[in-house]
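**Student:** Input input-v6.cif, format and content: mmCIF, C-alpha atoms and all ligand atoms.
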data_run
loop_
_atom_site.label_atom_id
_atom_site.label_comp_id
_atom_site.auth_asym_id
_atom_site.auth_seq_id
_atom_site.Cartn_x
_atom_site.Cartn_y
_atom_site.Cartn_z
CA MET A 1 -68.17 -3.74 -12.95
CA SER A 2 -68.16 -0.14 -11.94
CA ILE A 3 -70.57 2.46 -10.65
CA LYS A 4 -71.01 5.30 -13.13
CA ASN A 5 -71.83 8.91 -12.49
CA ILE A 6 -75.50 9.67 -13.20
CA ILE A 7 -76.04 12.90 -15.13
CA THR A 8 -78.88 15.21 -14.06
CA VAL A 9 -80.89 18.05 -15.56
CA PRO A 10 -80.15 20.49 -17.13
CA ASP A 11 -77.45 18.35 -18.82
CA GLU A 12 -78.20 18.68 -22.55
CA MET A 13 -77.19 15.06 -23.11
CA LEU A 14 -80.50 13.97 -21.54
CA LYS A 15 -82.37 15.55 -24.50
CA LYS A 16 -80.43 13.60 -27.12
CA ILE A 17 -81.71 10.56 -29.00
CA SER A 18 -79.74 7.38 -28.31
CA GLU A 19 -78.31 5.26 -31.13
CA PRO A 20 -79.44 1.69 -31.83
CA ILE A 21 -77.00 -1.13 -31.00
CA GLU A 22 -75.75 -3.12 -33.99
CA ASN A 23 -73.58 -5.70 -32.28
CA ILE A 24 -73.65 -6.94 -28.74
CA GLY A 25 -70.02 -7.28 -27.75
CA VAL A 26 -67.92 -7.08 -24.62
CA ASP A 27 -68.50 -3.31 -24.30
CA GLU A 28 -72.29 -3.64 -24.40
CA LYS A 29 -72.29 -6.47 -21.85
CA LYS A 30 -70.03 -4.48 -19.55
CA LEU A 31 -72.28 -1.45 -19.95
CA ILE A 32 -75.33 -3.51 -18.93
CA ASN A 33 -73.52 -4.72 -15.80
CA ASP A 34 -72.36 -1.19 -14.98
CA LEU A 35 -75.90 0.16 -15.44
CA LEU A 36 -77.30 -2.50 -13.10
CA GLU A 37 -74.65 -1.82 -10.49
CA THR A 38 -75.21 1.95 -10.75
CA MET A 39 -79.00 1.51 -10.56
CA TYR A 40 -78.79 -0.67 -7.43
CA ALA A 41 -76.31 1.70 -5.79
CA SER A 42 -78.66 4.63 -6.45
CA LYS A 43 -81.73 2.72 -5.27
CA GLY A 44 -83.50 3.23 -8.60
CA ILE A 45 -85.72 0.71 -10.38
CA GLY A 46 -84.64 1.61 -13.89
CA LEU A 47 -81.71 3.25 -15.67
CA ALA A 48 -81.02 4.08 -19.30
CA ALA A 49 -77.49 4.32 -20.77
CA VAL A 50 -77.98 8.00 -21.61
CA GLN A 51 -78.29 8.69 -17.87
CA VAL A 52 -74.64 7.75 -17.48
CA GLY A 53 -73.77 9.79 -20.57
CA ILE A 54 -73.73 6.98 -23.14
CA LEU A 55 -76.05 7.46 -26.11
CA LYS A 56 -76.85 3.80 -26.76
CA ARG A 57 -80.33 2.24 -26.79
CA ILE A 58 -79.78 0.11 -23.71
CA LEU A 59 -81.69 0.15 -20.43
CA VAL A 60 -81.95 -1.91 -17.28
CA ILE A 61 -84.84 -2.43 -14.86
CA ASP A 62 -85.51 -4.26 -11.62
CA VAL A 63 -88.99 -3.80 -10.18
CA SER A 64 -88.73 -6.58 -7.59
CA SER A 65 -89.70 -5.49 -4.09
CA LYS A 66 -87.20 -5.26 -1.24
CA ASP A 67 -88.02 -8.65 0.26
CA GLU A 68 -87.99 -10.41 -3.11
CA LYS A 69 -85.00 -11.86 -4.91
CA LYS A 70 -83.30 -9.41 -7.29
CA ASN A 71 -84.67 -9.62 -10.82
CA PRO A 72 -82.34 -7.67 -13.12
CA LEU A 73 -83.75 -7.15 -16.62
CA SER A 74 -81.92 -5.62 -19.58
CA PHE A 75 -83.34 -4.35 -22.85
CA ILE A 76 -81.41 -3.55 -26.02
CA ASN A 77 -83.09 -1.49 -28.78
CA PRO A 78 -86.51 -1.67 -27.08
CA VAL A 79 -89.52 -0.55 -29.13
CA ILE A 80 -93.10 -0.24 -27.88
CA ARG A 81 -95.25 -2.25 -30.29
CA SER A 82 -98.64 -1.68 -28.73
CA VAL A 83 -100.29 -0.11 -25.70
CA SER A 84 -103.67 -0.45 -23.98
CA ASP A 85 -106.39 2.21 -24.05
CA GLU A 86 -106.62 1.78 -20.32
CA MET A 87 -104.38 4.22 -18.49
CA SER A 88 -102.79 4.25 -15.06
CA VAL A 89 -101.17 6.94 -12.96
CA TYR A 90 -97.99 6.65 -10.93
CA GLU A 91 -96.07 9.29 -9.07
CA GLU A 92 -92.76 9.02 -10.93
CA GLY A 93 -89.31 10.05 -9.88
CA CYS A 94 -86.15 9.99 -12.00
CA LEU A 95 -82.50 9.51 -11.04
CA SER A 96 -81.65 12.36 -13.43
CA ILE A 97 -84.12 14.74 -11.72
CA PRO A 98 -83.31 14.36 -8.00
CA ASP A 99 -85.97 14.83 -5.32
CA THR A 100 -88.79 15.46 -7.78
CA PHE A 101 -91.96 13.40 -8.10
CA ILE A 102 -94.58 14.01 -10.75
CA GLU A 103 -97.88 12.21 -11.39
CA ILE A 104 -97.72 10.78 -14.88
CA GLU A 105 -100.49 9.01 -16.75
CA ARG A 106 -99.41 6.28 -19.15
CA PRO A 107 -101.04 3.28 -20.84
CA SER A 108 -101.45 0.50 -18.26
CA LEU A 109 -100.24 -2.25 -20.55
CA CYS A 110 -97.56 -2.28 -23.19
CA GLU A 111 -95.96 -4.77 -25.53
CA VAL A 112 -92.26 -4.21 -26.05
CA GLU A 113 -89.99 -5.78 -28.64
CA TYR A 114 -86.30 -5.82 -27.76
CA ILE A 115 -83.03 -7.73 -28.06
CA ASN A 116 -81.76 -9.56 -25.02
CA ILE A 117 -78.14 -9.81 -23.87
CA GLU A 118 -77.69 -13.00 -25.93
CA GLY A 119 -78.73 -11.11 -29.05
CA LYS A 120 -82.14 -12.77 -29.34
CA LYS A 121 -85.25 -10.87 -30.38
CA LYS A 122 -87.89 -10.97 -27.64
CA ILE A 123 -91.38 -9.66 -27.03
CA LEU A 124 -92.59 -8.81 -23.54
CA LYS A 125 -96.16 -7.98 -22.57
CA CYS A 126 -96.25 -6.17 -19.28
CA ASP A 127 -98.48 -4.26 -16.93
CA GLY A 128 -98.28 -2.43 -13.61
CA LEU A 129 -95.01 -1.00 -12.40
CA LEU A 130 -92.92 -2.80 -15.05
CA SER A 131 -95.02 -1.30 -17.85
CA THR A 132 -94.71 2.23 -16.45
CA CYS A 133 -91.00 1.83 -15.75
CA LEU A 134 -90.28 0.52 -19.27
CA GLN A 135 -92.19 3.41 -20.85
CA HIS A 136 -90.29 5.90 -18.64
CA GLU A 137 -86.91 4.39 -19.60
CA ILE A 138 -87.74 4.13 -23.33
CA ASN A 139 -88.66 7.83 -23.19
CA HIS A 140 -85.08 8.47 -21.98
CA LEU A 141 -83.72 6.81 -25.15
CA ASP A 142 -85.73 9.37 -27.14
CA GLY A 143 -84.54 12.31 -25.04
CA LYS A 144 -87.84 12.69 -23.20
CA LEU A 145 -88.12 13.42 -19.47
CA ILE A 146 -91.01 13.43 -17.00
CA ILE A 147 -90.72 17.22 -16.65
CA ASP A 148 -91.28 17.77 -20.38
CA ASN A 149 -95.06 17.99 -20.07
CA LEU A 150 -94.98 20.54 -17.27
CA SER A 151 -95.40 24.23 -17.94
CA LYS A 152 -92.14 26.04 -18.69
CA LEU A 153 -92.47 27.90 -15.39
CA LYS A 154 -92.70 24.72 -13.33
CA ARG A 155 -89.92 23.04 -15.33
CA ASP A 156 -87.57 26.01 -14.91
CA PHE A 157 -88.34 26.06 -11.19
CA ILE A 158 -87.38 22.37 -10.78
CA ILE A 159 -84.20 22.75 -12.85
CA LYS A 160 -83.19 25.85 -10.93
CA LYS A 161 -83.73 24.09 -7.61
CA ILE A 162 -81.64 21.08 -8.72
CA SER A 163 -78.86 23.29 -10.16
CA LYS A 164 -78.68 25.13 -6.85
CA ILE A 165 -78.33 21.90 -4.89
CA LYS A 166 -75.55 20.83 -7.25
CA LYS A 167 -73.69 24.13 -6.96
CA ASN A 168 -73.79 24.37 -3.18
CA PRO A 169 -70.79 22.71 -1.57
CA GLU A 170 -71.50 20.10 1.04
CA ARG A 171 -72.45 21.75 4.32
CA ILE A 172 -70.60 20.56 7.38
CA VAL A 173 -70.85 21.39 11.04
CA VAL A 174 -67.65 21.04 13.02
ZN ZN B 201 -85.71 8.64 -15.49
#
Can you dump the structure from the file as structure tokens?
**Tutor:**
Amino acid sequence: MSIKNIITVPDEMLKKISEPIENIGVDEKKLINDLLETMYASKGIGLAAVQVGILKRILVIDVSSKDEKKNPLSFINPVIRSVSDEMSVYEEGCLSIPDTFIEIERPSLCEVEYINIEGKKKILKCDGLLSTCLQHEINHLDGKLIIDNLSKLKRDFIIKKISKIKKNPERIVV
């Protein structure tokens, strides 16, 4: 396993649509393990392959709390089949948009069809944090980010701020 570099805005790759997986082989299994390791190392609760620069419809999630046992989940070719009318709001962050939190309203419940790591078709009904996290990550596979619904002014401001942080060399005091 290895920790991958997470790409951040304004990397154009984040706007691209990821390709469906046809066969689950050694490469896909390794990618899932790498995504999990990268997600845990970055203290995130979800990560899509595109965030490490790989345009494949694969994502990983772990919404277990700190004092619970780890519960790594992986989803291949996930598709949202249905959502509730009821909505919920979370303040969402994104590993590809550092230090930015935005209130996002999404359907509270969703039903997702996907392929698991053994290649079996599965359906998962979920609510709460898992539902929100899955919807956020599936958006990544379609090139959508949480800043997309902001005004252009706000979006440009966030991207500029992040680009500046990236450009500045590490500051040291000696
Ligand atoms: Zn994200």
**Student:** Excluding same-chain residues fewer than 3 positions from Glu28 of chain A, what lies within 12 Å of it counting only C-alpha atoms, as a list in words?
**Tutor:**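 Surrounding residues, per the criterion: Pro20, Ile21, Glu22, Asn23, Ile24, Gly25, Leu31, Ile32, Asn33, Asp34, Leu35, Ala49, Ile54, Leu55, Lys56, Arg57, Ile58, Leu59, Ser74, Phe75, Ile76, Asn77, Asn116, Ile117, Glu118 and Gly119 of chain A.
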**Student:** Output as a Markdown table one row per residue of chain A within 12 Å of ligand ZN 201 (chain B): the closest atom pair and its distance in Å to one decimal place, counting only C-alpha atoms and all ligand atoms, sorted by chain and residue number ascending.
**Tutor:**
| residue | atom | partner | partner_atom | distance |
| --- | --- | --- | --- | --- |
| A:Ile6 | CA | B:ZN201 | ZN | 10.5 |
| A:Ile7 | CA | B:ZN201 | ZN | 10.6 |
| A:Thr8 | CA | B:ZN201 | ZN | 9.6 |
| A:Val9 | CA | B:ZN201 | ZN | 10.6 |
| A:Leu14 | CA | B:ZN201 | ZN | 9.6 |
| A:Lys15 | CA | B:ZN201 | ZN | 11.8 |
| A:Met39 | CA | B:ZN201 | ZN | 11.0 |
| A:Gly44 | CA | B:ZN201 | ZN | 9.0 |
| A:Ile45 | CA | B:ZN201 | ZN | 9.4 |
| A:Gly46 | CA | B:ZN201 | ZN | 7.3 |
| A:Leu47 | CA | B:ZN201 | ZN | 6.7 |
| A:Ala48 | CA | B:ZN201 | ZN | 7.6 |
| A:Ala49 | CA | B:ZN201 | ZN | 10.7 |
| A:Val50 | CA | B:ZN201 | ZN | 9.9 |
| A:Gln51 | CA | B:ZN201 | ZN | 7.8 |
| A:Val52 | CA | B:ZN201 | ZN | 11.3 |
| A:Leu59 | CA | B:ZN201 | ZN | 10.6 |
| A:Val60 | CA | B:ZN201 | ZN | 11.3 |
| A:Ile61 | CA | B:ZN201 | ZN | 11.1 |
| A:Glu92 | CA | B:ZN201 | ZN | 8.4 |
| A:Gly93 | CA | B:ZN201 | ZN | 6.8 |
| A:Cys94 | CA | B:ZN201 | ZN | 3.8 |
| A:Leu95 | CA | B:ZN201 | ZN | 5.6 |
| A:Ser96 | CA | B:ZN201 | ZN | 5.9 |
| A:Ile97 | CA | B:ZN201 | ZN | 7.3 |
| A:Pro98 | CA | B:ZN201 | ZN | 9.7 |
| A:Asp99 | CA | B:ZN201 | ZN | 11.9 |
| A:Thr100 | CA | B:ZN201 | ZN | 10.7 |
| A:Phe101 | CA | B:ZN201 | ZN | 10.8 |
| A:Ile102 | CA | B:ZN201 | ZN | 11.4 |
| A:Thr132 | CA | B:ZN201 | ZN | 11.1 |
| A:Cys133 | CA | B:ZN201 | ZN | 8.6 |
| A:Leu134 | CA | B:ZN201 | ZN | 10.1 |
| A:Gln135 | CA | B:ZN201 | ZN | 9.9 |
| A:His136 | CA | B:ZN201 | ZN | 6.2 |
| A:Glu137 | CA | B:ZN201 | ZN | 6.0 |
| A:Ile138 | CA | B:ZN201 | ZN | 9.3 |
| A:Asn139 | CA | B:ZN201 | ZN | 8.3 |
| A:His140 | CA | B:ZN201 | ZN | 6.5 |
| A:Leu141 | CA | B:ZN201 | ZN | 10.0 |
| A:Asp142 | CA | B:ZN201 | ZN | 11.7 |
| A:Gly143 | CA | B:ZN201 | ZN | 10.3 |
| A:Lys144 | CA | B:ZN201 | ZN | 9.0 |
| A:Leu145 | CA | B:ZN201 | ZN | 6.7 |
| A:Ile146 | CA | B:ZN201 | ZN | 7.3 |
| A:Ile147 | CA | B:ZN201 | ZN | 10.0 |
| A:Asp148 | CA | B:ZN201 | ZN | 11.8 |
**Student:** Based on the selection just made, write C-alpha atoms of those residues as a compact mmCIF listing (two decimals), in the coordinates of the input.
**Tutor:**
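And here is the file that came out, part16.txt:
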# COMPACT_ATOMS: atom_id res chain seq x y z
CA ILE A 6 -75.50 9.67 -13.20
CA ILE A 7 -76.04 12.90 -15.13
CA THR A 8 -78.88 15.21 -14.06
CA VAL A 9 -80.89 18.05 -15.56
CA LEU A 14 -80.50 13.97 -21.54
CA LYS A 15 -82.37 15.55 -24.50
CA MET A 39 -79.00 1.51 -10.56
CA GLY A 44 -83.50 3.23 -8.60
CA ILE A 45 -85.72 0.71 -10.38
CA GLY A 46 -84.64 1.61 -13.89
CA LEU A 47 -81.71 3.25 -15.67
CA ALA A 48 -81.02 4.08 -19.30
CA ALA A 49 -77.49 4.32 -20.77
CA VAL A 50 -77.98 8.00 -21.61
CA GLN A 51 -78.29 8.69 -17.87
CA VAL A 52 -74.64 7.75 -17.48
CA LEU A 59 -81.69 0.15 -20.43
CA VAL A 60 -81.95 -1.91 -17.28
CA ILE A 61 -84.84 -2.43 -14.86
CA GLU A 92 -92.76 9.02 -10.93
CA GLY A 93 -89.31 10.05 -9.88
CA CYS A 94 -86.15 9.99 -12.00
CA LEU A 95 -82.50 9.51 -11.04
CA SER A 96 -81.65 12.36 -13.43
CA ILE A 97 -84.12 14.74 -11.72
CA PRO A 98 -83.31 14.36 -8.00
CA ASP A 99 -85.97 14.83 -5.32
CA THR A 100 -88.79 15.46 -7.78
CA PHE A 101 -91.96 13.40 -8.10
CA ILE A 102 -94.58 14.01 -10.75
CA THR A 132 -94.71 2.23 -16.45
CA CYS A 133 -91.00 1.83 -15.75
CA LEU A 134 -90.28 0.52 -19.27
CA GLN A 135 -92.19 3.41 -20.85
CA HIS A 136 -90.29 5.90 -18.64
CA GLU A 137 -86.91 4.39 -19.60
CA ILE A 138 -87.74 4.13 -23.33
CA ASN A 139 -88.66 7.83 -23.19
CA HIS A 140 -85.08 8.47 -21.98
CA LEU A 141 -83.72 6.81 -25.15
CA ASP A 142 -85.73 9.37 -27.14
CA GLY A 143 -84.54 12.31 -25.04
CA LYS A 144 -87.84 12.69 -23.20
CA LEU A 145 -88.12 13.42 -19.47
CA ILE A 146 -91.01 13.43 -17.00
CA ILE A 147 -90.72 17.22 -16.65
CA ASP A 148 -91.28 17.77 -20.38
**Student:** Closest to Ile80 of chain A among A:Lys4, A:Lys167, A:Lys29, A:Lys122, using only C-alpha atoms?
**Tutor:**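 Ranking A:Lys4, A:Lys167, A:Lys29, A:Lys122 by distance to Ile80 of chain A, first place goes to A:Lys122.
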**Student:** Could you list, as a list of chain:residue names, every residue within 12 Å of Met87 of chain A, counting only C-alpha atoms and ignoring same-chain residues fewer than 5 positions away?
**Tutor:** A:Ile104, A:Glu105, A:Arg106, A:Pro107, A:Ser108, A:Leu109, A:Cys110, A:Asp127, A:Gly128, A:Ser131, A:Thr132
**Student:** As lines of an AutoDock Vina configuration file, please: the centre and edge lengths in Å, to one decimal, of an axis-aligned box enclosing every listed atom of segment 23-42 of chain A with 8 Å added on each side.
**Tutor:**
center_x = -73.5
center_y = -1.3
center_z = -19.0
size_x = 27.1
size_y = 27.9
size_z = 42.5
**Student:** When you draw a straight line from atom CA of Val63 of chain A to atom CA of Cys126 of chain A, how long is it in Å?
**Tutor:**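 Here the two named atoms are 11.9 Å from each other.
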**Student:** Rounded to one decimal place, report the atom CA of Leu150 of chain A-atom CA of Ile162 of chain A distance in Å.
**Tutor:**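 About the pair atom CA of Leu150 of chain A and atom CA of Ile162 of chain A: they are 15.9 Å apart.
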**Student:** Mind pulling up the distance from atom CA of Lys69 of chain A to atom CA of Met1 of chain A?
**Tutor:** 20.3 Å
**Student:** Excluding same-chain residues fewer than 4 positions from Val112 of chain A, what lies within 6 Å of it counting all atoms listed in the file, as number ranges by chain?
**Tutor:** A: 79-81, 123-124
